[in-house]
>>> print(open('run15.txt').read())   # compact mmCIF, C-alpha atoms
# COMPACT_ATOMS: atom_id res chain seq x y z
CA MET A 950 -82.40 -5.05 -113.50
CA LYS A 951 -80.98 -1.59 -113.97
CA THR A 952 -77.19 -1.25 -114.08
CA LYS A 953 -75.65 1.54 -112.07
CA LYS A 954 -74.15 4.30 -114.18
CA LYS A 955 -70.41 4.78 -113.60
CA SER A 956 -69.18 8.06 -112.21
CA ALA A 957 -67.01 10.28 -114.41
CA ASN A 958 -63.98 9.47 -112.28
CA ALA A 959 -64.58 5.71 -112.53
CA LEU A 960 -65.06 5.86 -116.29
CA MET A 961 -61.97 8.02 -116.79
CA LYS A 962 -59.93 5.65 -114.61
CA GLU A 963 -61.18 2.71 -116.66
CA TYR A 964 -59.79 4.37 -119.82
CA GLY A 965 -56.44 4.96 -118.14
CA MET A 966 -56.54 8.72 -117.90
CA PRO A 967 -53.76 9.95 -115.63
CA ASN A 968 -55.84 12.80 -114.20
CA TYR A 969 -59.06 10.84 -113.65
CA LYS A 970 -59.47 12.15 -110.09
CA SER A 971 -60.17 15.60 -111.52
CA GLY A 972 -63.39 14.32 -113.03
CA ARG A 973 -65.21 15.71 -116.01
CA ALA A 974 -63.74 19.21 -115.42
CA VAL A 975 -60.59 18.18 -117.35
CA LEU A 976 -62.56 16.98 -120.38
CA ARG A 977 -63.10 19.25 -123.36
CA TYR A 978 -66.27 17.35 -124.24
CA LYS A 979 -68.48 16.19 -121.43
CA ASN A 980 -71.42 14.55 -123.16
CA PRO A 981 -71.00 11.75 -123.71
CA LEU A 982 -68.03 11.30 -121.40
CA GLU A 983 -66.49 8.82 -123.82
CA LYS A 984 -66.25 11.60 -126.44
CA GLY A 985 -64.23 13.69 -124.01
CA ILE A 986 -62.01 10.71 -123.21
CA ALA A 987 -61.52 9.98 -126.92
CA TRP A 988 -60.51 13.63 -127.46
CA PHE A 989 -58.09 13.47 -124.52
CA TRP A 990 -56.24 10.48 -126.03
CA PHE A 991 -56.43 11.86 -129.57
CA ALA A 992 -54.92 15.16 -128.41
CA CYS A 993 -52.13 13.27 -126.60
CA TYR A 994 -51.46 11.28 -129.77
CA ILE A 995 -51.33 14.41 -131.98
CA ARG A 996 -49.02 16.30 -129.61
CA GLN A 997 -46.68 13.31 -129.23
CA ARG A 998 -46.67 12.58 -132.98
CA ASP A 999 -45.79 16.14 -133.89
CA VAL A 1000 -43.21 16.66 -131.16
CA LEU A 1001 -41.41 13.52 -132.34
CA LYS A 1002 -41.70 14.33 -136.05
CA TRP A 1003 -41.35 18.12 -136.20
CA GLY A 1004 -41.03 19.57 -132.71
CA THR A 1005 -42.58 22.87 -133.76
CA CYS A 1006 -45.91 24.66 -133.83
CA ILE A 1007 -47.52 24.14 -137.23
CA SER A 1008 -48.58 27.80 -137.38
CA CYS A 1009 -45.46 29.75 -136.32
CA ASN A 1010 -42.71 27.09 -136.32
CA LYS A 1011 -41.80 27.90 -132.71
CA ARG A 1012 -40.22 24.99 -130.80
CA THR A 1013 -43.03 23.39 -128.82
CA THR A 1014 -43.08 20.55 -126.30
CA PHE A 1015 -45.73 17.95 -125.56
CA GLU A 1016 -46.44 19.61 -122.20
CA ASP A 1017 -46.67 23.16 -123.58
CA GLY A 1018 -48.39 22.41 -126.87
CA ASN A 1019 -52.01 22.08 -127.85
CA ALA A 1020 -53.76 19.90 -130.39
CA GLY A 1021 -55.04 22.74 -132.57
CA HIS A 1022 -57.58 22.53 -135.38
CA PHE A 1023 -57.17 24.06 -138.84
CA ILE A 1024 -60.93 23.93 -139.43
CA ALA A 1025 -62.17 25.07 -136.02
CA ALA A 1026 -63.46 22.42 -133.63
CA SER A 1027 -66.48 24.56 -132.80
CA ASN A 1028 -68.05 23.93 -136.20
CA CYS A 1029 -65.92 21.40 -138.13
CA GLY A 1030 -68.29 18.52 -137.55
CA LEU A 1031 -67.39 14.98 -136.56
CA ASP A 1032 -65.75 14.30 -139.94
CA LEU A 1033 -62.88 16.69 -139.10
CA LEU A 1034 -62.97 16.83 -135.29
CA MET A 1035 -60.40 14.04 -134.88
CA ASP A 1036 -58.87 14.10 -138.34
CA GLU A 1037 -55.09 13.62 -138.21
CA LYS A 1038 -54.40 16.34 -140.80
CA ASN A 1039 -56.92 18.84 -139.45
CA VAL A 1040 -55.42 18.68 -135.95
CA ASN A 1041 -51.75 19.42 -135.34
CA LEU A 1042 -49.39 20.59 -132.60
CA GLU A 1043 -49.71 24.30 -131.95
CA CYS A 1044 -48.10 26.49 -129.33
CA GLN A 1045 -50.57 27.91 -126.84
CA GLY A 1046 -50.17 31.41 -128.28
CA CYS A 1047 -51.20 30.41 -131.79
CA ASN A 1048 -53.98 28.08 -130.72
CA GLY A 1049 -55.53 30.40 -128.19
CA PHE A 1050 -54.70 33.99 -128.99
CA ASP A 1051 -53.32 34.61 -132.49
CA GLN A 1052 -56.12 35.60 -134.86
CA ASN A 1053 -53.73 35.25 -137.82
CA HIS A 1054 -52.34 31.79 -137.00
CA LEU A 1055 -54.25 30.15 -139.85
CA TRP A 1056 -51.99 31.82 -142.45
CA GLY A 1057 -49.00 29.85 -141.19
CA TYR A 1058 -51.12 26.79 -140.42
CA GLU A 1059 -52.38 26.59 -144.01
CA LYS A 1060 -48.91 27.03 -145.55
CA ASN A 1061 -47.36 24.44 -143.24
CA LEU A 1062 -50.18 21.90 -143.76
CA ASP A 1063 -49.26 21.82 -147.44
CA ALA A 1064 -45.54 21.65 -146.63
CA ARG A 1065 -46.02 18.74 -144.22
CA TYR A 1066 -48.65 16.68 -145.98
CA GLY A 1067 -48.43 17.76 -149.62
CA ALA A 1068 -49.77 20.55 -151.80
CA GLY A 1069 -53.54 20.87 -151.63
CA THR A 1070 -53.96 19.47 -148.11
CA ALA A 1071 -55.45 22.68 -146.73
CA SER A 1072 -57.75 23.01 -149.75
CA GLU A 1073 -58.92 19.41 -149.31
CA LEU A 1074 -59.77 20.04 -145.64
CA LYS A 1075 -61.70 23.18 -146.64
CA ARG A 1076 -63.54 21.22 -149.35
CA ARG A 1077 -64.49 18.49 -146.88
CA TYR A 1078 -65.74 21.12 -144.43
CA ALA A 1079 -67.80 22.87 -147.13
CA SER A 1080 -69.36 19.56 -148.22
CA GLY A 1081 -71.24 19.42 -144.91
CA LYS A 1082 -70.74 15.66 -144.71
CA ILE A 1083 -72.65 14.19 -141.79
CA VAL A 1084 -70.73 11.63 -139.75
CA LYS A 1085 -72.16 9.68 -136.85
CA ILE A 1086 -69.90 8.16 -134.24
CA ASN A 1087 -71.56 5.02 -132.92
CA ASN A 1088 -69.04 4.11 -130.27
CA TRP A 1089 -66.94 6.85 -128.67
CA GLY A 1090 -65.53 4.26 -126.27
CA GLU A 1091 -63.94 2.28 -129.12
CA LEU A 1092 -62.50 5.50 -130.50
CA ALA A 1093 -61.05 6.33 -127.08
CA TRP A 1094 -59.35 2.93 -126.87
CA HIS A 1095 -58.02 3.35 -130.43
CA TRP A 1096 -56.40 6.74 -129.78
CA LYS A 1097 -55.03 5.62 -126.41
CA ALA A 1098 -53.33 2.67 -128.16
CA GLU A 1099 -51.94 4.93 -130.91
CA TYR A 1100 -50.55 7.34 -128.31
CA GLU A 1101 -48.98 4.51 -126.33
CA LYS A 1102 -47.30 3.13 -129.49
CA LEU A 1103 -45.61 6.50 -130.02
CA SER A 1104 -44.71 6.90 -126.36
CA THR A 1105 -43.02 3.51 -126.07
CA GLY A 1106 -41.79 3.39 -129.68
>>> encode(input="run15.txt", output="structure tokens")
Amino acid sequence: MKTKKKSANALMKEYGMPNYKSGRAVLRYKNPLEKGIAWFWFACYIRQRDVLKWGTCISCNKRTTFEDGNAGHFIAASNCGLDLLMDEKNVNLECQGCNGFDQNHLWGYEKNLDARYGAGTASELKRRYASGKIVKINNWGELAWHWKAEYEKLSTG
């Protein structure tokens, strides 16, 4: 017997997304839906982590809040591959200006990566990107639950 596929809203509600009634439109990644849900919780985790620890955009050091910040990639999400897509050092809190509009934001991003995580961090991320390592995610749903739990630990901490 065939099981009925859950709607986007039902699946998002199941994973505890606060804006589940908006459906897949609020997800950065839509296929599979679980990838988009995993990214949602990962981005919440990154923004909360960095607001609590530093409170500033990694690129320009401007004070940034959870609500106004973005989870911005050092190696761009569009071609970083799954190895770096949800990597905790490759993704950091950025103000909307740096993440969306500043073509030069990577200068500050690179310098501050090394300041936050140790000398050579930016070079290591670049090396990993250049290696072309292929990563397969077998269960986006498990990843979504993981990042939701990590975010909730920070939020209730």
>>> residues_around(input="run15.txt", residues="His1054 (chain A)", least_positions_apart="4", cutoff="8 Å", atoms="all atoms listed in the file", output="PDB file with C-alpha atoms, keeping the file's coordinate frame")
ATOM      1  CA  SER A1008     -48.580  27.800-137.380  1.00  0.00           C
ATOM      2  CA  CYS A1009     -45.460  29.750-136.320  1.00  0.00           C
ATOM      3  CA  CYS A1047     -51.200  30.410-131.790  1.00  0.00           C
ATOM      4  CA  ASN A1048     -53.980  28.080-130.720  1.00  0.00           C
ATOM      5  CA  TYR A1058     -51.120  26.790-140.420  1.00  0.00           C
TER       6      TYR A1058
END
>>> closest_residue(input="run15.txt", among="A:Lys1038, A:Lys953, A:Arg1012, A:Lys962", to="Ala1071 (chain A)", atoms="all atoms listed in the file")
A:Lys1038
>>> residues_near_point(input="run15.txt", point="(-55.6, 28.7, -142.8)", cutoff="10 Å", atoms="only C-alpha atoms", output="PDB file with C-alpha atoms, in the coordinates of the input")
ATOM      1  CA  SER A1008     -48.580  27.800-137.380  1.00  0.00           C
ATOM      2  CA  HIS A1022     -57.580  22.530-135.380  1.00  0.00           C
ATOM      3  CA  PHE A1023     -57.170  24.060-138.840  1.00  0.00           C
ATOM      4  CA  ILE A1024     -60.930  23.930-139.430  1.00  0.00           C
ATOM      5  CA  ASN A1053     -53.730  35.250-137.820  1.00  0.00           C
ATOM      6  CA  HIS A1054     -52.340  31.790-137.000  1.00  0.00           C
ATOM      7  CA  LEU A1055     -54.250  30.150-139.850  1.00  0.00           C
ATOM      8  CA  TRP A1056     -51.990  31.820-142.450  1.00  0.00           C
ATOM      9  CA  GLY A1057     -49.000  29.850-141.190  1.00  0.00           C
ATOM     10  CA  TYR A1058     -51.120  26.790-140.420  1.00  0.00           C
ATOM     11  CA  GLU A1059     -52.380  26.590-144.010  1.00  0.00           C
ATOM     12  CA  LYS A1060     -48.910  27.030-145.550  1.00  0.00           C
ATOM     13  CA  ASN A1061     -47.360  24.440-143.240  1.00  0.00           C
ATOM     14  CA  LEU A1062     -50.180  21.900-143.760  1.00  0.00           C
ATOM     15  CA  ALA A1071     -55.450  22.680-146.730  1.00  0.00           C
ATOM     16  CA  SER A1072     -57.750  23.010-149.750  1.00  0.00           C
ATOM     17  CA  LYS A1075     -61.700  23.180-146.640  1.00  0.00           C
TER      18      LYS A1075
END
>>> closest_atom_pairs(input="run15.txt", of="region 1032-1073 of chain A", to="region 1079-1086 of chain A", cutoff="12 Å", atoms="only C-alpha atoms", output="CSV")
residue,atom,partner,partner_atom,distance
A:Asp1032,CA,A:Val1084,CA,5.7
A:Leu1033,CA,A:Val1084,CA,9.4
A:Leu1034,CA,A:Val1084,CA,10.4
A:Met1035,CA,A:Ile1086,CA,11.2
A:Ser1072,CA,A:Ala1079,CA,10.4
A:Glu1073,CA,A:Ala1079,CA,9.8
>>> axis_aligned_box(input="run15.txt", around="region 1019-1022 of chain A", padding_each_side="5 Å", output="AutoDock Vina command-line options")
--center_x -54.8 --center_y 21.3 --center_z -131.6 --size_x 15.6 --size_y 12.8 --size_z 17.5
>>> atom_distance(input="run15.txt", atom1="CA of Asp1036 (chain A)", atom2="CA of Glu1101 (chain A)")
18.3 Å
>>> atom_distance(input="run15.txt", atom1="CA of Arg998 (chain A)", atom2="CA of Phe1015 (chain A)")
9.2 Å
>>> closest_residue(input="run15.txt", among="A:Ala1025, A:Ile986, A:Leu976, A:Cys1006", to="Trp1096 (chain A)", atoms="only C-alpha atoms")
A:Ile986
>>> closest_residue(input="run15.txt", among="A:Tyr1078, A:Trp1003, A:Tyr1066, A:Phe991", to="Leu1031 (chain A)", atoms="all atoms listed in the file")
A:Tyr1078
>>> residues_around(input="run15.txt", residues="Arg973 (chain A)", least_positions_apart="6", cutoff="10 Å", atoms="only C-alpha atoms", output="ChimeraX atom specification")
/A:956-958,960-961,979-980,982,985-986
>>> atom_distance(input="run15.txt", atom1="CA of Gln997 (chain A)", atom2="CA of Leu1103 (chain A)")
6.9 Å
>>> residues_around(input="run15.txt", residues="Gly1046 (chain A)", least_positions_apart="4", cutoff="12 Å", atoms="only C-alpha atoms", output="list in words")
Cys1006, Ile1007, Ser1008, Cys1009, Asn1010, Lys1011, Thr1013, Asp1017, Gly1018, Asn1019, Gly1021, Leu1042, Phe1050, Asp1051, Gln1052, Asn1053 and His1054 of chain A
>>> closest_residue(input="run15.txt", among="A:Ala1068, A:Ala992, A:Leu1092, A:Val975", to="Asn1041 (chain A)", atoms="only C-alpha atoms")
A:Ala992
>>> decode(input="run15.txt", residues="region 1046-1074 of chain A", atoms="N, CA, C and O atoms", output="PDB file, in the first residue's frame")
ATOM      1  N   GLY A1046      23.917  43.548   4.863  1.00  0.00           N
ATOM      2  CA  GLY A1046      24.681  44.302   3.866  1.00  0.00           C
ATOM      3  C   GLY A1046      25.869  43.521   3.348  1.00  0.00           C
ATOM      4  O   GLY A1046      26.097  43.440   2.139  1.00  0.00           O
ATOM      5  N   CYS A1047      26.636  42.940   4.247  1.00  0.00           N
ATOM      6  CA  CYS A1047      27.810  42.164   3.823  1.00  0.00           C
ATOM      7  C   CYS A1047      27.399  40.896   3.083  1.00  0.00           C
ATOM      8  O   CYS A1047      27.971  40.567   2.046  1.00  0.00           O
ATOM      9  N   ASN A1048      26.421  40.186   3.601  1.00  0.00           N
ATOM     10  CA  ASN A1048      26.036  38.921   3.003  1.00  0.00           C
ATOM     11  C   ASN A1048      25.372  39.096   1.647  1.00  0.00           C
ATOM     12  O   ASN A1048      25.553  38.277   0.756  1.00  0.00           O
ATOM     13  N   GLY A1049      24.636  40.174   1.475  1.00  0.00           N
ATOM     14  CA  GLY A1049      23.881  40.304   0.240  1.00  0.00           C
ATOM     15  C   GLY A1049      24.396  41.286  -0.784  1.00  0.00           C
ATOM     16  O   GLY A1049      24.129  41.136  -1.965  1.00  0.00           O
ATOM     17  N   PHE A1050      25.167  42.285  -0.336  1.00  0.00           N
ATOM     18  CA  PHE A1050      25.452  43.383  -1.265  1.00  0.00           C
ATOM     19  C   PHE A1050      26.917  43.782  -1.371  1.00  0.00           C
ATOM     20  O   PHE A1050      27.305  44.412  -2.332  1.00  0.00           O
ATOM     21  N   ASP A1051      27.737  43.474  -0.394  1.00  0.00           N
ATOM     22  CA  ASP A1051      29.116  43.950  -0.385  1.00  0.00           C
ATOM     23  C   ASP A1051      30.027  42.969  -1.118  1.00  0.00           C
ATOM     24  O   ASP A1051      30.336  41.897  -0.609  1.00  0.00           O
ATOM     25  N   GLN A1052      30.479  43.361  -2.292  1.00  0.00           N
ATOM     26  CA  GLN A1052      31.354  42.510  -3.097  1.00  0.00           C
ATOM     27  C   GLN A1052      32.700  42.268  -2.417  1.00  0.00           C
ATOM     28  O   GLN A1052      33.386  41.298  -2.720  1.00  0.00           O
ATOM     29  N   ASN A1053      33.097  43.148  -1.502  1.00  0.00           N
ATOM     30  CA  ASN A1053      34.402  43.047  -0.855  1.00  0.00           C
ATOM     31  C   ASN A1053      34.350  42.438   0.543  1.00  0.00           C
ATOM     32  O   ASN A1053      35.350  42.434   1.248  1.00  0.00           O
ATOM     33  N   HIS A1054      33.202  41.917   0.947  1.00  0.00           N
ATOM     34  CA  HIS A1054      33.052  41.417   2.314  1.00  0.00           C
ATOM     35  C   HIS A1054      33.995  40.269   2.650  1.00  0.00           C
ATOM     36  O   HIS A1054      34.335  40.056   3.808  1.00  0.00           O
ATOM     37  N   LEU A1055      34.470  39.544   1.665  1.00  0.00           N
ATOM     38  CA  LEU A1055      35.327  38.391   1.947  1.00  0.00           C
ATOM     39  C   LEU A1055      36.695  38.788   2.502  1.00  0.00           C
ATOM     40  O   LEU A1055      37.346  37.991   3.166  1.00  0.00           O
ATOM     41  N   TRP A1056      37.133  40.030   2.253  1.00  0.00           N
ATOM     42  CA  TRP A1056      38.409  40.486   2.834  1.00  0.00           C
ATOM     43  C   TRP A1056      38.320  40.437   4.352  1.00  0.00           C
ATOM     44  O   TRP A1056      39.168  39.873   5.031  1.00  0.00           O
ATOM     45  N   GLY A1057      37.279  41.059   4.892  1.00  0.00           N
ATOM     46  CA  GLY A1057      37.082  41.051   6.337  1.00  0.00           C
ATOM     47  C   GLY A1057      36.741  39.675   6.850  1.00  0.00           C
ATOM     48  O   GLY A1057      37.190  39.270   7.928  1.00  0.00           O
ATOM     49  N   TYR A1058      35.940  38.947   6.101  1.00  0.00           N
ATOM     50  CA  TYR A1058      35.526  37.594   6.496  1.00  0.00           C
ATOM     51  C   TYR A1058      36.773  36.730   6.706  1.00  0.00           C
ATOM     52  O   TYR A1058      36.928  36.067   7.732  1.00  0.00           O
ATOM     53  N   GLU A1059      37.670  36.739   5.725  1.00  0.00           N
ATOM     54  CA  GLU A1059      38.871  35.905   5.797  1.00  0.00           C
ATOM     55  C   GLU A1059      39.736  36.270   7.008  1.00  0.00           C
ATOM     56  O   GLU A1059      40.162  35.399   7.767  1.00  0.00           O
ATOM     57  N   LYS A1060      39.966  37.548   7.207  1.00  0.00           N
ATOM     58  CA  LYS A1060      40.784  38.014   8.335  1.00  0.00           C
ATOM     59  C   LYS A1060      40.152  37.592   9.665  1.00  0.00           C
ATOM     60  O   LYS A1060      40.840  37.103  10.571  1.00  0.00           O
ATOM     61  N   ASN A1061      38.844  37.758   9.776  1.00  0.00           N
ATOM     62  CA  ASN A1061      38.173  37.459  11.038  1.00  0.00           C
ATOM     63  C   ASN A1061      37.979  35.966  11.277  1.00  0.00           C
ATOM     64  O   ASN A1061      37.875  35.528  12.424  1.00  0.00           O
ATOM     65  N   LEU A1062      37.924  35.161  10.204  1.00  0.00           N
ATOM     66  CA  LEU A1062      37.910  33.703  10.384  1.00  0.00           C
ATOM     67  C   LEU A1062      39.160  33.274  11.145  1.00  0.00           C
ATOM     68  O   LEU A1062      39.095  32.511  12.107  1.00  0.00           O
ATOM     69  N   ASP A1063      40.307  33.768  10.684  1.00  0.00           N
ATOM     70  CA  ASP A1063      41.570  33.406  11.327  1.00  0.00           C
ATOM     71  C   ASP A1063      41.650  33.957  12.744  1.00  0.00           C
ATOM     72  O   ASP A1063      42.188  33.292  13.634  1.00  0.00           O
ATOM     73  N   ALA A1064      41.093  35.133  12.975  1.00  0.00           N
ATOM     74  CA  ALA A1064      41.102  35.702  14.332  1.00  0.00           C
ATOM     75  C   ALA A1064      40.207  34.890  15.273  1.00  0.00           C
ATOM     76  O   ALA A1064      40.559  34.664  16.433  1.00  0.00           O
ATOM     77  N   ARG A1065      39.069  34.435  14.780  1.00  0.00           N
ATOM     78  CA  ARG A1065      38.126  33.696  15.626  1.00  0.00           C
ATOM     79  C   ARG A1065      38.525  32.242  15.855  1.00  0.00           C
ATOM     80  O   ARG A1065      38.372  31.717  16.953  1.00  0.00           O
ATOM     81  N   TYR A1066      38.980  31.587  14.813  1.00  0.00           N
ATOM     82  CA  TYR A1066      39.194  30.144  14.887  1.00  0.00           C
ATOM     83  C   TYR A1066      40.660  29.717  14.829  1.00  0.00           C
ATOM     84  O   TYR A1066      40.955  28.535  14.915  1.00  0.00           O
ATOM     85  N   GLY A1067      41.554  30.654  14.641  1.00  0.00           N
ATOM     86  CA  GLY A1067      42.974  30.338  14.571  1.00  0.00           C
ATOM     87  C   GLY A1067      43.546  30.567  13.186  1.00  0.00           C
ATOM     88  O   GLY A1067      42.848  30.435  12.177  1.00  0.00           O
ATOM     89  N   ALA A1068      44.835  30.928  13.167  1.00  0.00           N
ATOM     90  CA  ALA A1068      45.530  31.191  11.906  1.00  0.00           C
ATOM     91  C   ALA A1068      45.412  29.986  10.987  1.00  0.00           C
ATOM     92  O   ALA A1068      45.537  28.840  11.424  1.00  0.00           O
ATOM     93  N   GLY A1069      45.154  30.251   9.727  1.00  0.00           N
ATOM     94  CA  GLY A1069      45.064  29.193   8.729  1.00  0.00           C
ATOM     95  C   GLY A1069      43.668  28.644   8.499  1.00  0.00           C
ATOM     96  O   GLY A1069      43.483  27.795   7.628  1.00  0.00           O
ATOM     97  N   THR A1070      42.679  29.128   9.253  1.00  0.00           N
ATOM     98  CA  THR A1070      41.314  28.615   9.089  1.00  0.00           C
ATOM     99  C   THR A1070      40.788  28.889   7.689  1.00  0.00           C
ATOM    100  O   THR A1070      40.249  27.989   7.031  1.00  0.00           O
ATOM    101  N   ALA A1071      40.945  30.116   7.220  1.00  0.00           N
ATOM    102  CA  ALA A1071      40.459  30.469   5.880  1.00  0.00           C
ATOM    103  C   ALA A1071      41.185  29.642   4.817  1.00  0.00           C
ATOM    104  O   ALA A1071      40.548  29.134   3.885  1.00  0.00           O
ATOM    105  N   SER A1072      42.480  29.478   4.968  1.00  0.00           N
ATOM    106  CA  SER A1072      43.254  28.680   4.004  1.00  0.00           C
ATOM    107  C   SER A1072      42.792  27.230   3.994  1.00  0.00           C
ATOM    108  O   SER A1072      42.706  26.601   2.938  1.00  0.00           O
ATOM    109  N   GLU A1073      42.482  26.695   5.161  1.00  0.00           N
ATOM    110  CA  GLU A1073      42.001  25.309   5.253  1.00  0.00           C
ATOM    111  C   GLU A1073      40.658  25.153   4.548  1.00  0.00           C
ATOM    112  O   GLU A1073      40.418  24.166   3.847  1.00  0.00           O
ATOM    113  N   LEU A1074      39.754  26.120   4.722  1.00  0.00           N
ATOM    114  CA  LEU A1074      38.461  26.068   4.030  1.00  0.00           C
ATOM    115  C   LEU A1074      38.667  26.132   2.520  1.00  0.00           C
ATOM    116  O   LEU A1074      38.025  25.393   1.774  1.00  0.00           O
TER     117      LEU A1074
END
